[in-house]
Amino acid sequence: GETVHLAVSLKMDEDWHVYWRSPGGTGLPTEIRWTTPQGYKAGRTEFPVPELKYDKILKEDSFILEGTALFLTPVQVPASAVPGSSATFKASVSWLACKKNCIPGNHELSLTLPVVSQSTKTRPANKKLFEEARDTLPTPGAKAEHIKLSGSTDTKAIAPGKKFTATLTVKITPKHHMQSHKPLQDYLIP
């Protein structure tokens, strides 16, 4: 009945990169498709914060991941899971790795885990890896230190086919800023 997280790690050689879930003007998104046992539900895979890369030849921005990229996926375990049994999870991972040239890649992964009762004391596997993965994720808007977002509409109810106005208000603390659609500096995301 609880949620567990599964991690996939992609380690690129020096000067190589893969692309984020939304690659920008070039590249292809890195994709992870999970197959879970019946009753288990894989949530949306969480991607680390990407870097912005400007391609001078194509004159396009791309969102890339370099070094080691860690991807976390929450999995809801059904309350009907039987302690003492096991659950096998499969991931189909695909990417486009680029340096000067690009090479598509894919790999099939499989992991079998034991099912234990909620009262069983467990020791998380790869605890440090999961901590590192969580540290690379984007900060949720509600927890952001220097920016506060709020939204409103000009009507209480929105009917299909009717027009309405939605307003997004962004408050940024003094001495901080947001980048525009095309950042003028490396490592900033629009």
# chains A, B, ... in the order shown; residues from 1 in each chain; ligands from 1
call {"tool": "residues_around", "arguments": {"residues": "Thr153 in chain A", "least_positions_apart": "3", "cutoff": "8 Å", "atoms": "only C-alpha atoms", "output": "list in words"}}
result
Lys156, Phe164, Thr165, Ala166 and Thr167 of chain A
call {"tool": "closest_atom_pairs", "arguments": {"of": "range 3-86 of chain A", "to": "range 135-140 of chain A", "cutoff": "8 Å", "atoms": "only C-alpha atoms", "output": "Markdown table"}}
result
| residue | atom | partner | partner_atom | distance |
| --- | --- | --- | --- | --- |
| A:Glu46 | CA | A:Leu137 | CA | 7.1 |
| A:Phe47 | CA | A:Leu137 | CA | 6.3 |
| A:Pro48 | CA | A:Leu137 | CA | 4.4 |
| A:Val49 | CA | A:Pro138 | CA | 5.5 |
| A:Leu70 | CA | A:Thr136 | CA | 7.9 |
call {"tool": "closest_residue", "arguments": {"among": "A:Leu168, A:Val4, A:Leu72, A:Leu65", "to": "Arg134 in chain A", "atoms": "only C-alpha atoms"}}
result
A:Leu72
call {"tool": "residues_around", "arguments": {"residues": "range 27-44 of chain A", "least_positions_apart": "2", "cutoff": "7 Å", "atoms": "only C-alpha atoms", "output": "JSON, numbers by chain"}}
result
{"A": [18, 19, 20, 21, 22, 23, 46, 73, 74, 75, 76, 77, 78, 87, 88, 89, 90, 91, 92, 93, 94, 95, 96]}
call {"tool": "select_by_dssp", "arguments": {"residues": "chain A", "states": "strand (DSSP E)", "output": "ChimeraX atom specification"}}
result
/A:3-11,17-24,31-35,41-42,51-55,60-66,68-76,86-98,102-114,147-153,166-172
call {"tool": "closest_residue", "arguments": {"among": "A:Lys121, A:Lys99, A:Lys11, A:Lys53", "to": "Ala69 in chain A", "atoms": "only C-alpha atoms"}}
result
A:Lys11
call {"tool": "select_by_dssp", "arguments": {"residues": "range 87-164 of chain A", "states": "alpha helix (DSSP H)", "output": "PyMOL selection string"}}
result
chain A and resi 127-135
call {"tool": "write_last_selection", "arguments": {"atoms": "N, CA, C and O atoms", "output": "JSON list (two decimals), in the first residue's frame"}}
result
[["chain", "number", "residue", "atom", "x", "y", "z"],
["A", 127, "LYS", "N", 20.99, 3.91, -0.66],
["A", 127, "LYS", "CA", 20.48, 5.14, -0.02],
["A", 127, "LYS", "C", 21.19, 6.39, -0.53],
["A", 127, "LYS", "O", 20.54, 7.39, -0.84],
["A", 128, "LYS", "N", 22.53, 6.35, -0.64],
["A", 128, "LYS", "CA", 23.28, 7.52, -1.08],
["A", 128, "LYS", "C", 22.90, 7.91, -2.52],
["A", 128, "LYS", "O", 22.73, 9.08, -2.82],
["A", 129, "LEU", "N", 22.74, 6.93, -3.39],
["A", 129, "LEU", "CA", 22.36, 7.19, -4.77],
["A", 129, "LEU", "C", 20.99, 7.90, -4.83],
["A", 129, "LEU", "O", 20.82, 8.86, -5.56],
["A", 130, "PHE", "N", 20.04, 7.43, -4.03],
["A", 130, "PHE", "CA", 18.71, 8.05, -4.02],
["A", 130, "PHE", "C", 18.76, 9.47, -3.45],
["A", 130, "PHE", "O", 18.05, 10.36, -3.93],
["A", 131, "GLU", "N", 19.60, 9.70, -2.45],
["A", 131, "GLU", "CA", 19.76, 11.06, -1.92],
["A", 131, "GLU", "C", 20.34, 11.98, -2.99],
["A", 131, "GLU", "O", 19.88, 13.11, -3.16],
["A", 132, "GLU", "N", 21.35, 11.49, -3.72],
["A", 132, "GLU", "CA", 21.94, 12.28, -4.81],
["A", 132, "GLU", "C", 20.89, 12.57, -5.88],
["A", 132, "GLU", "O", 20.82, 13.68, -6.41],
["A", 133, "ALA", "N", 20.09, 11.58, -6.23],
["A", 133, "ALA", "CA", 19.05, 11.77, -7.24],
["A", 133, "ALA", "C", 18.05, 12.84, -6.81],
["A", 133, "ALA", "O", 17.70, 13.72, -7.60],
["A", 134, "ARG", "N", 17.62, 12.79, -5.56],
["A", 134, "ARG", "CA", 16.65, 13.79, -5.07],
["A", 134, "ARG", "C", 17.26, 15.20, -5.08],
["A", 134, "ARG", "O", 16.56, 16.18, -5.32],
["A", 135, "ASP", "N", 18.57, 15.30, -4.82],
["A", 135, "ASP", "CA", 19.24, 16.60, -4.82],
["A", 135, "ASP", "C", 19.32, 17.22, -6.21],
["A", 135, "ASP", "O", 19.52, 18.43, -6.34]]
call {"tool": "residues_around", "arguments": {"residues": "Asp61 in chain A", "least_positions_apart": "5", "cutoff": "8 Å", "atoms": "only C-alpha atoms", "output": "PyMOL selection string"}}
result
chain A and resi 24-26+52-55+182
call {"tool": "write_last_selection", "arguments": {"atoms": "N, CA and C atoms", "output": "PDB file, in the first residue's frame"}}
result
ATOM      1  N   GLY A  24      14.192  20.522 -26.300  1.00  0.00           N
ATOM      2  CA  GLY A  24      14.430  21.840 -26.884  1.00  0.00           C
ATOM      3  C   GLY A  24      14.435  21.743 -28.398  1.00  0.00           C
ATOM      4  N   GLY A  25      15.266  22.575 -29.063  1.00  0.00           N
ATOM      5  CA  GLY A  25      15.260  22.647 -30.519  1.00  0.00           C
ATOM      6  C   GLY A  25      16.005  21.540 -31.226  1.00  0.00           C
ATOM      7  N   THR A  26      16.796  20.758 -30.506  1.00  0.00           N
ATOM      8  CA  THR A  26      17.541  19.665 -31.128  1.00  0.00           C
ATOM      9  C   THR A  26      17.407  18.420 -30.270  1.00  0.00           C
ATOM     10  N   LEU A  52      21.295  24.142 -20.164  1.00  0.00           N
ATOM     11  CA  LEU A  52      20.950  24.718 -21.455  1.00  0.00           C
ATOM     12  C   LEU A  52      22.204  24.712 -22.325  1.00  0.00           C
ATOM     13  N   LYS A  53      22.060  24.227 -23.566  1.00  0.00           N
ATOM     14  CA  LYS A  53      23.185  24.236 -24.509  1.00  0.00           C
ATOM     15  C   LYS A  53      22.710  24.894 -25.789  1.00  0.00           C
ATOM     16  N   TYR A  54      23.448  25.880 -26.251  1.00  0.00           N
ATOM     17  CA  TYR A  54      23.118  26.569 -27.501  1.00  0.00           C
ATOM     18  C   TYR A  54      23.968  25.987 -28.619  1.00  0.00           C
ATOM     19  N   ASP A  55      23.318  25.531 -29.683  1.00  0.00           N
ATOM     20  CA  ASP A  55      24.011  24.995 -30.850  1.00  0.00           C
ATOM     21  C   ASP A  55      24.194  26.129 -31.846  1.00  0.00           C
ATOM     22  N   LYS A 182      15.190  33.048 -23.958  1.00  0.00           N
ATOM     23  CA  LYS A 182      16.537  32.728 -24.439  1.00  0.00           C
ATOM     24  C   LYS A 182      17.560  33.299 -23.452  1.00  0.00           C
TER      25      LYS A 182
END
call {"tool": "closest_residue", "arguments": {"among": "A:Ser110, A:Thr120, A:Ser86, A:Thr169", "to": "Ala7 in chain A", "atoms": "only C-alpha atoms"}}
result
A:Ser110
call {"tool": "atom_distance", "arguments": {"atom1": "CA of Ala79 in chain A", "atom2": "CA of Arg123 in chain A"}}
result
20.7 Å
call {"tool": "residues_around", "arguments": {"residues": "His17 in chain A", "least_positions_apart": "2", "cutoff": "8 Å", "atoms": "only C-alpha atoms", "output": "ChimeraX atom specification"}}
result
/A:12,15,19,64-67,97-99
call {"tool": "write_last_selection", "arguments": {"atoms": "N, CA, C and O atoms", "output": "PDB file, in the first residue's frame"}}
result
ATOM      1  N   MET A  12      27.274   9.135 -18.721  1.00  0.00           N
ATOM      2  CA  MET A  12      27.853   9.494 -20.010  1.00  0.00           C
ATOM      3  C   MET A  12      29.370   9.631 -19.898  1.00  0.00           C
ATOM      4  O   MET A  12      29.883  10.070 -18.875  1.00  0.00           O
ATOM      5  N   ASP A  15      32.335  14.707 -22.090  1.00  0.00           N
ATOM      6  CA  ASP A  15      31.937  15.522 -23.250  1.00  0.00           C
ATOM      7  C   ASP A  15      30.715  14.976 -23.993  1.00  0.00           C
ATOM      8  O   ASP A  15      30.320  15.522 -25.017  1.00  0.00           O
ATOM      9  N   TYR A  19      19.574  13.980 -23.768  1.00  0.00           N
ATOM     10  CA  TYR A  19      18.620  15.076 -23.709  1.00  0.00           C
ATOM     11  C   TYR A  19      17.586  14.872 -22.612  1.00  0.00           C
ATOM     12  O   TYR A  19      17.248  13.751 -22.232  1.00  0.00           O
ATOM     13  N   ILE A  64      20.072  19.554 -21.926  1.00  0.00           N
ATOM     14  CA  ILE A  64      20.897  18.347 -21.912  1.00  0.00           C
ATOM     15  C   ILE A  64      21.213  17.889 -20.491  1.00  0.00           C
ATOM     16  O   ILE A  64      21.100  18.659 -19.531  1.00  0.00           O
ATOM     17  N   LEU A  65      21.642  16.627 -20.406  1.00  0.00           N
ATOM     18  CA  LEU A  65      22.118  16.034 -19.158  1.00  0.00           C
ATOM     19  C   LEU A  65      23.502  15.459 -19.435  1.00  0.00           C
ATOM     20  O   LEU A  65      23.690  14.754 -20.427  1.00  0.00           O
ATOM     21  N   GLU A  66      24.467  15.799 -18.584  1.00  0.00           N
ATOM     22  CA  GLU A  66      25.836  15.322 -18.736  1.00  0.00           C
ATOM     23  C   GLU A  66      26.263  14.572 -17.482  1.00  0.00           C
ATOM     24  O   GLU A  66      25.581  14.613 -16.458  1.00  0.00           O
ATOM     25  N   GLY A  67      27.411  13.908 -17.556  1.00  0.00           N
ATOM     26  CA  GLY A  67      27.936  13.199 -16.389  1.00  0.00           C
ATOM     27  C   GLY A  67      27.067  11.996 -16.069  1.00  0.00           C
ATOM     28  O   GLY A  67      26.847  11.145 -16.921  1.00  0.00           O
ATOM     29  N   ALA A  97      22.605   9.916 -27.460  1.00  0.00           N
ATOM     30  CA  ALA A  97      23.865  10.398 -26.883  1.00  0.00           C
ATOM     31  C   ALA A  97      24.620  11.178 -27.952  1.00  0.00           C
ATOM     32  O   ALA A  97      24.778  10.704 -29.075  1.00  0.00           O
ATOM     33  N   CYS A  98      25.070  12.380 -27.579  1.00  0.00           N
ATOM     34  CA  CYS A  98      25.747  13.238 -28.554  1.00  0.00           C
ATOM     35  C   CYS A  98      27.041  13.820 -27.996  1.00  0.00           C
ATOM     36  O   CYS A  98      27.155  14.107 -26.808  1.00  0.00           O
ATOM     37  N   LYS A  99      27.991  13.989 -28.907  1.00  0.00           N
ATOM     38  CA  LYS A  99      29.233  14.717 -28.661  1.00  0.00           C
ATOM     39  C   LYS A  99      29.364  15.601 -29.888  1.00  0.00           C
ATOM     40  O   LYS A  99      28.741  16.641 -29.948  1.00  0.00           O
TER      41      LYS A  99
END
call {"tool": "atom_distance", "arguments": {"atom1": "CA of Phe63 in chain A", "atom2": "CA of Leu109 in chain A"}}
result
24.9 Å
